[in-house]
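The data block below is upload_39.txt; it holds compact mmCIF, C-alpha atoms and all ligand atoms.
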# COMPACT_ATOMS: atom_id res chain seq x y z
CA MET D 1 42.03 -21.69 -40.67
CA ASN D 2 41.73 -24.41 -38.06
CA ASP D 3 38.52 -24.13 -35.94
CA TYR D 4 40.43 -24.21 -32.67
CA PHE D 5 42.51 -21.19 -33.65
CA LEU D 6 39.42 -19.42 -35.00
CA SER D 7 37.93 -19.72 -31.51
CA LYS D 8 41.04 -17.98 -30.12
CA LEU D 9 40.66 -14.86 -32.25
CA THR D 10 39.99 -11.54 -30.58
CA CYS D 11 39.98 -7.87 -31.53
CA PRO D 12 43.67 -6.82 -31.55
CA TYR D 13 42.71 -3.37 -30.18
CA CYS D 14 40.28 -4.12 -27.37
CA HIS D 15 40.55 -7.90 -26.94
CA ASN D 16 36.84 -8.18 -27.34
CA ASP D 17 35.20 -11.27 -28.87
CA LEU D 18 34.72 -11.09 -32.63
CA ARG D 19 31.66 -12.04 -34.62
CA LEU D 20 32.00 -13.46 -38.10
CA GLN D 21 29.49 -11.53 -40.21
CA LYS D 22 28.25 -12.46 -43.63
CA LYS D 23 26.47 -9.90 -45.73
CA LYS D 24 25.85 -10.97 -49.31
CA ASP D 25 29.32 -11.61 -50.71
CA LEU D 26 31.06 -9.75 -47.89
CA GLU D 27 32.50 -11.65 -44.99
CA TYR D 28 34.30 -9.99 -42.08
CA PHE D 29 35.03 -10.20 -38.38
CA TYR D 30 33.22 -7.54 -36.38
CA CYS D 31 34.11 -6.11 -32.97
CA ASN D 32 31.04 -4.64 -31.30
CA LYS D 33 33.14 -2.70 -28.78
CA CYS D 34 35.34 -0.60 -31.07
CA LEU D 35 33.11 -1.23 -34.12
CA ARG D 36 36.07 -2.21 -36.30
CA LYS D 37 35.61 -4.54 -39.22
CA TYR D 38 38.36 -6.96 -40.20
CA ASP D 39 37.83 -8.22 -43.68
CA PHE D 40 39.53 -10.87 -45.78
CA THR D 41 42.31 -10.22 -48.28
CA ASN D 42 42.59 -12.98 -50.88
CA GLY D 43 40.64 -15.18 -48.44
CA ILE D 44 43.03 -14.40 -45.55
CA PRO D 45 41.75 -12.72 -42.35
CA ASN D 46 43.22 -9.21 -42.31
CA PHE D 47 43.94 -7.80 -38.82
CA LEU D 48 46.53 -5.25 -39.94
CA PRO D 49 46.57 -2.08 -37.81
CA ASP D 50 44.67 0.98 -39.01
CA ASP D 51 47.88 2.72 -40.07
CA ILE D 52 49.48 -0.12 -42.02
CA ARG D 53 48.33 -0.69 -45.52
CA LEU D 54 48.88 -4.04 -47.14
CA ARG D 55 52.18 -3.80 -48.92
CA LYS D 56 51.26 -5.91 -51.89
CA ASP D 57 52.42 -3.44 -54.49
CA ILE D 58 55.66 -2.51 -52.76
CA GLU D 59 58.50 -1.65 -55.05
CA SER D 60 61.50 -3.80 -54.24
CA LYS D 61 64.73 -2.00 -53.53
CA LYS D 62 68.32 -3.08 -53.86
CA ILE D 63 69.72 -3.90 -50.44
CA PHE D 64 72.79 -6.05 -49.78
CA GLY D 65 73.33 -5.93 -53.53
CA VAL D 66 70.13 -7.89 -54.16
CA LYS D 67 66.52 -6.91 -54.57
CA TRP D 68 64.83 -6.94 -51.22
CA VAL D 69 61.17 -7.79 -50.99
CA PRO D 70 59.19 -8.01 -47.75
CA GLY D 71 59.77 -11.35 -46.09
CA TYR D 72 63.22 -11.98 -47.47
CA ARG D 73 64.95 -13.73 -44.58
CA GLY D 74 68.36 -14.66 -45.76
CA TRP D 75 71.06 -12.28 -46.69
CA LYS D 76 73.37 -12.37 -49.68
CA PRO D 77 76.62 -10.55 -48.98
CA ASN D 78 78.38 -8.76 -51.81
CA LEU D 79 81.69 -10.13 -53.08
CA ALA D 80 83.89 -8.05 -50.76
CA ALA D 81 81.81 -9.09 -47.77
CA LYS D 82 82.05 -12.71 -48.90
CA ILE D 83 85.82 -12.55 -49.01
CA ILE D 84 85.98 -11.05 -45.52
CA SER D 85 83.61 -13.56 -44.00
CA PHE D 86 84.78 -16.52 -46.14
CA SER D 87 81.12 -17.04 -46.63
CA PHE D 88 80.61 -18.98 -49.82
CA SER D 89 78.01 -21.19 -48.31
CA HIS D 90 74.54 -21.58 -49.80
CA GLU D 91 72.94 -21.68 -46.37
CA SER D 92 70.62 -18.85 -45.48
CA GLY D 93 72.72 -17.87 -42.49
CA ARG D 94 69.65 -17.84 -40.33
CA ILE D 95 68.65 -19.96 -37.40
CA GLU D 96 67.97 -23.63 -37.81
CA GLU D 97 65.59 -24.26 -34.97
CA LYS D 98 63.87 -27.47 -34.12
CA ILE D 99 60.53 -26.76 -32.57
CA GLY D 100 58.89 -29.65 -30.77
CA THR D 101 55.63 -30.92 -32.18
CA LYS D 102 53.90 -30.97 -28.79
CA SER D 103 53.94 -27.21 -28.26
CA ILE D 104 51.56 -24.88 -30.04
CA VAL D 105 53.75 -22.26 -31.67
CA LEU D 106 52.90 -18.82 -33.01
CA ASP D 107 55.45 -17.48 -35.49
CA VAL D 108 55.22 -13.68 -35.62
CA GLY D 109 56.57 -12.07 -38.78
CA CYS D 110 56.93 -15.56 -40.20
CA GLY D 111 58.01 -14.51 -43.69
CA ASP D 112 58.45 -17.21 -46.31
CA ASP D 113 60.11 -19.55 -43.78
CA ALA D 114 57.18 -20.00 -41.38
CA ARG D 115 57.75 -22.25 -38.36
CA GLY D 116 54.50 -21.91 -36.45
CA ASP D 117 51.25 -23.81 -36.04
CA VAL D 118 49.80 -20.35 -36.55
CA ASN D 119 51.71 -17.77 -38.57
CA VAL D 120 51.28 -14.02 -38.96
CA ASP D 121 52.98 -11.32 -40.98
CA VAL D 122 52.20 -7.90 -42.47
CA TYR D 123 52.22 -9.23 -46.02
CA ILE D 124 51.17 -12.48 -47.68
CA PRO D 125 54.13 -14.87 -47.99
CA LYS D 126 54.65 -17.32 -50.81
CA PRO D 127 54.10 -20.19 -50.31
CA LEU D 128 51.21 -19.48 -47.98
CA PRO D 129 51.99 -20.90 -44.49
CA PRO D 130 49.42 -22.98 -42.57
CA ASN D 131 46.89 -21.08 -40.43
CA PHE D 132 48.11 -17.76 -41.73
CA LEU D 133 46.64 -14.36 -41.05
CA LEU D 134 47.66 -10.77 -41.61
CA ALA D 135 48.63 -8.97 -38.38
CA SER D 136 51.38 -6.78 -37.01
CA ALA D 137 53.67 -7.95 -34.19
CA GLU D 138 52.46 -5.36 -31.67
CA LEU D 139 48.74 -5.96 -32.25
CA LEU D 140 48.02 -9.68 -32.28
CA PRO D 141 44.42 -10.82 -32.75
CA PHE D 142 44.59 -13.66 -30.20
CA LYS D 143 43.26 -14.20 -26.71
CA ASP D 144 45.66 -14.21 -23.74
CA ASN D 145 47.71 -17.40 -23.21
CA THR D 146 46.74 -18.96 -26.54
CA PHE D 147 50.15 -20.36 -27.55
CA ASP D 148 52.77 -22.40 -25.69
CA ILE D 149 55.54 -20.61 -27.56
CA VAL D 150 55.52 -17.26 -29.30
CA ARG D 151 58.57 -16.71 -31.46
CA SER D 152 59.74 -13.95 -33.75
CA ALA D 153 62.98 -14.15 -35.68
CA TYR D 154 64.58 -10.95 -36.97
CA VAL D 155 61.36 -8.97 -36.61
CA ILE D 156 61.89 -6.68 -33.59
CA GLU D 157 64.44 -4.53 -35.44
CA HIS D 158 61.72 -3.88 -38.05
CA ASN D 159 58.98 -2.96 -35.59
CA LEU D 160 58.17 0.63 -34.62
CA PHE D 161 56.85 -0.36 -31.18
CA PRO D 162 59.32 -2.89 -29.75
CA VAL D 163 58.15 -2.63 -26.12
CA LYS D 164 54.53 -3.04 -27.18
CA MET D 165 55.60 -5.97 -29.31
CA ILE D 166 57.38 -7.73 -26.41
CA LYS D 167 54.35 -7.21 -24.16
CA GLU D 168 52.05 -8.53 -26.87
CA HIS D 169 54.16 -11.66 -27.38
CA PHE D 170 54.03 -12.17 -23.61
CA ARG D 171 50.27 -11.66 -23.45
CA VAL D 172 49.36 -14.32 -26.03
CA CYS D 173 51.96 -16.81 -24.82
CA ARG D 174 51.48 -19.46 -22.14
CA LYS D 175 55.04 -20.63 -21.54
CA LYS D 176 57.85 -19.01 -23.46
CA VAL D 177 58.63 -16.07 -25.73
CA LYS D 178 61.59 -16.47 -28.08
CA ILE D 179 62.99 -13.45 -29.88
CA TYR D 180 65.93 -13.46 -32.28
CA THR D 181 67.61 -10.33 -33.56
CA ASP D 182 70.93 -8.90 -34.73
CA ASN D 183 73.56 -8.05 -32.12
CA SER D 184 74.59 -4.44 -32.76
CA ASP D 185 77.85 -4.89 -30.82
CA TRP D 186 79.12 -7.46 -33.32
CA LEU D 187 82.50 -6.48 -34.83
CA GLY D 188 81.27 -7.51 -38.26
CA VAL D 189 78.93 -4.50 -38.20
CA ILE D 190 81.98 -2.22 -38.44
CA VAL D 191 83.50 -4.31 -41.21
CA TYR D 192 80.26 -4.26 -43.18
CA ARG D 193 79.90 -0.52 -42.62
CA ILE D 194 83.28 0.00 -44.27
CA LEU D 195 82.19 -2.30 -47.11
CA ASN D 196 78.94 -0.32 -47.44
CA THR D 197 76.77 -3.37 -46.92
CA GLY D 198 74.98 -5.32 -44.21
CA SER D 199 72.02 -4.87 -41.91
CA ILE D 200 72.73 -1.24 -40.90
CA PHE D 201 71.87 -0.13 -44.44
CA HIS D 202 68.54 -1.91 -44.44
CA ASP D 203 65.90 0.81 -44.74
CA GLU D 204 63.42 -1.09 -42.57
CA HIS D 205 65.74 -1.44 -39.57
CA TYR D 206 64.80 1.07 -36.88
CA PHE D 207 66.44 -0.14 -33.69
CA LYS D 208 69.74 -1.61 -32.53
CA TRP D 209 69.84 -4.23 -29.81
CA SER D 210 72.60 -5.36 -27.52
CA LYS D 211 72.80 -7.98 -24.79
CA GLU D 212 72.98 -5.39 -22.00
CA TYR D 213 70.26 -3.08 -23.31
CA PHE D 214 67.83 -5.91 -23.93
CA PHE D 215 68.49 -7.28 -20.48
CA ASN D 216 67.85 -3.84 -18.93
CA LEU D 217 64.59 -3.66 -20.86
CA LEU D 218 63.41 -7.04 -19.58
CA ASN D 219 64.18 -5.93 -16.03
CA ARG D 220 62.37 -2.65 -16.51
CA LEU D 221 59.32 -4.49 -17.82
CA GLY D 222 59.45 -6.91 -14.89
CA LEU D 223 59.89 -9.91 -17.21
CA GLU D 224 61.90 -12.97 -16.29
CA GLY D 225 64.23 -14.41 -18.85
CA ARG D 226 67.66 -14.35 -20.36
CA VAL D 227 69.55 -12.75 -23.21
CA ALA D 228 72.14 -14.91 -24.95
CA LEU D 229 74.63 -14.24 -27.72
CA PHE D 230 75.19 -16.70 -30.55
CA ASN D 231 76.38 -17.00 -34.12
CA SER D 232 73.90 -18.22 -36.69
CA SER D 233 76.27 -17.48 -39.56
CA PRO D 234 77.26 -20.49 -41.69
CA SER D 235 80.68 -18.86 -42.11
CA PHE D 236 83.46 -20.90 -40.56
CA PHE D 237 85.32 -17.68 -39.79
CA VAL D 238 82.41 -16.22 -37.80
CA LYS D 239 81.95 -19.52 -35.97
CA PHE D 240 85.64 -19.57 -35.14
CA LEU D 241 85.39 -16.07 -33.64
CA SER D 242 82.77 -17.32 -31.16
CA PHE D 243 85.78 -18.71 -29.29
CA PHE D 244 86.64 -15.14 -28.21
CA GLY D 245 83.10 -14.60 -26.99
CA LYS D 246 84.13 -16.04 -23.63
CA LEU D 247 86.28 -12.98 -22.96
CA PRO D 248 84.95 -10.77 -20.17
CA ARG D 249 83.30 -7.46 -21.19
CA ILE D 250 84.37 -7.56 -24.87
CA GLY D 251 82.81 -10.99 -25.57
CA PRO D 252 79.72 -9.49 -27.31
CA PHE D 253 81.99 -8.21 -30.13
CA PHE D 254 82.30 -11.76 -31.42
CA TYR D 255 78.68 -12.76 -31.78
CA ARG D 256 76.41 -11.79 -34.64
CA ASP D 257 73.06 -12.66 -33.11
CA LEU D 258 70.99 -12.20 -29.97
CA TYR D 259 68.55 -14.68 -28.53
CA ILE D 260 66.03 -13.54 -25.93
CA GLU D 261 63.96 -15.98 -23.95
CA ILE D 262 61.17 -14.79 -21.67
CA VAL D 263 59.55 -17.28 -19.35
CA LYS D 264 55.93 -16.93 -18.37
CA LYS D 265 54.90 -18.41 -15.10
CA GLN D 266 51.36 -19.69 -14.94
CA GLU D 267 49.14 -17.54 -12.81
CA ARG D 268 47.72 -19.68 -10.08
CA VAL D 269 43.97 -19.96 -10.05
CA GLU D 270 42.83 -19.65 -6.43
ZN ZN J 1 37.67 -3.86 -30.93
As a first step, turn the structure in this file into structure tokens.
Amino acid sequence: MNDYFLSKLTCPYCHNDLRLQKKKDLEYFYCNKCLRKYDFTNGIPNFLPDDIRLRKDIESKKIFGVKWVPGYRGWKPNLAAKIISFSFSHESGRIEEKIGTKSIVLDVGCGDDARGDVNVDVYIPKPLPPNFLLASAELLPFKDNTFDIVRSAYVIEHNLFPVKMIKEHFRVCRKKVKIYTDNSDWLGVIVYRILNTGSIFHDEHYFKWSKEYFFNLLNRLGLEGRVALFNSSPSFFVKFLSFFGKLPRIGPFFYRDLYIEIVKKQERVE
């Protein structure tokens, strides 16, 4: 890991400075406030929460008609779903985002398609992303305001503590938080339910998000930002339906994805 980012590490629980300890063959980060030790797994700093074990031996299950393993970011619809969505494209159906090279980006829950200067996830992706460490989205081992941009794509629906996660993104970010997730108001959800496929049957999805609910949450948390609807699907049919998204009140039916942007204003130093 890059020295600069090493200097930005902190205890994810108490935000205390960490000391890198070396005892014989053992190397670990030590927090002298909560007395936790964070060791290395396959040479990677491991800041996973106390209650999450490393899921290296997880048994993959069949979801969406294909074997799902942690970190799988695309989705492969079954034949019936393909016919409905006219989706015979080889694209992943996920966001194609250009991130500027000037900003320092943290990608939370990066999976095997990491986009950050620093990348974290709860398992070790293949190939190993640059500056990678093991950490969960609601307990990040970084000092306040470390990154220009903190992004997480299709992670919040997997996290047990979404409010904590949003606050944690905000804490370590300097300028902007970007969150992508599935729009639960999308009409396709009903179609896929009938076809017995799609994201609602994913056994690691715990929460549904909509434009209005997410916006209410931002307000409640006193965060400034916006919630936008969009379609990341490569399907021409889904893209075509975006046209109806302009309709008042029922517009959200026609978008598959949600994009949340939270802006952080620099605190003025007096
Ligand atoms: Zn600590």
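Straight-line separation from atom CA of Val108 of chain D to atom CA of Val172 of chain D: 11.3 Å.
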Could you check the closest approach to ligand ZN 1 (chain J) for each of D:Asn131, D:Thr10, D:Asn119, D:Asn183 and tell me which residue wins, using only C-alpha atoms and all ligand atoms? D:Thr10
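For the choices D:Leu139, D:Phe40, D:Ile52, D:Pro162, the atom-to-atom distance to ligand ZN 1 (chain J) is smallest for D:Leu139 when using all atoms listed in the file.
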Using only C-alpha atoms, which protein or nucleic acid residues come within 12 Å of Pro129 of chain D? Drop anything in the same chain fewer than 3 positions from it, and give the result as a JSON list (two decimals) with C-alpha atoms, in the coordinates of the input.
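Resulting contents of part10.json:
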[["chain", "number", "residue", "atom", "x", "y", "z"],
["D", 1, "MET", "CA", 42.03, -21.69, -40.67],
["D", 44, "ILE", "CA", 43.03, -14.40, -45.55],
["D", 106, "LEU", "CA", 52.90, -18.82, -33.01],
["D", 107, "ASP", "CA", 55.45, -17.48, -35.49],
["D", 108, "VAL", "CA", 55.22, -13.68, -35.62],
["D", 109, "GLY", "CA", 56.57, -12.07, -38.78],
["D", 110, "CYS", "CA", 56.93, -15.56, -40.20],
["D", 111, "GLY", "CA", 58.01, -14.51, -43.69],
["D", 112, "ASP", "CA", 58.45, -17.21, -46.31],
["D", 113, "ASP", "CA", 60.11, -19.55, -43.78],
["D", 114, "ALA", "CA", 57.18, -20.00, -41.38],
["D", 115, "ARG", "CA", 57.75, -22.25, -38.36],
["D", 116, "GLY", "CA", 54.50, -21.91, -36.45],
["D", 117, "ASP", "CA", 51.25, -23.81, -36.04],
["D", 118, "VAL", "CA", 49.80, -20.35, -36.55],
["D", 119, "ASN", "CA", 51.71, -17.77, -38.57],
["D", 120, "VAL", "CA", 51.28, -14.02, -38.96],
["D", 121, "ASP", "CA", 52.98, -11.32, -40.98],
["D", 123, "TYR", "CA", 52.22, -9.23, -46.02],
["D", 124, "ILE", "CA", 51.17, -12.48, -47.68],
["D", 125, "PRO", "CA", 54.13, -14.87, -47.99],
["D", 126, "LYS", "CA", 54.65, -17.32, -50.81],
["D", 132, "PHE", "CA", 48.11, -17.76, -41.73],
["D", 133, "LEU", "CA", 46.64, -14.36, -41.05],
["D", 134, "LEU", "CA", 47.66, -10.77, -41.61]]
So which residues fall inside 12 Å of (48.2, -9.4, -27.4) if we count only C-alpha atoms? Mind giving them as a PyMOL selection string? chain D and resi 8-16+106+108+135-147+150+164-174
D:Phe253, D:Phe29, D:Tyr213, D:Phe47: which is nearest Val189 of chain D, counting all atoms listed in the file? D:Phe253
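The nearest approach to ligand ZN 1 (chain J) among the residues D:Tyr255, D:Tyr30, D:Phe214, D:Phe207, with only C-alpha atoms and all ligand atoms taken into account, belongs to D:Tyr30.
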Write out as a PyMOL selection string which residues come within 12 Å of Tyr259 of chain D when counting all atoms listed in the file, dropping same-chain ones fewer than 6 positions away. chain D and resi 95+97+151-154+156+177-183+209-211+214-215+225-232
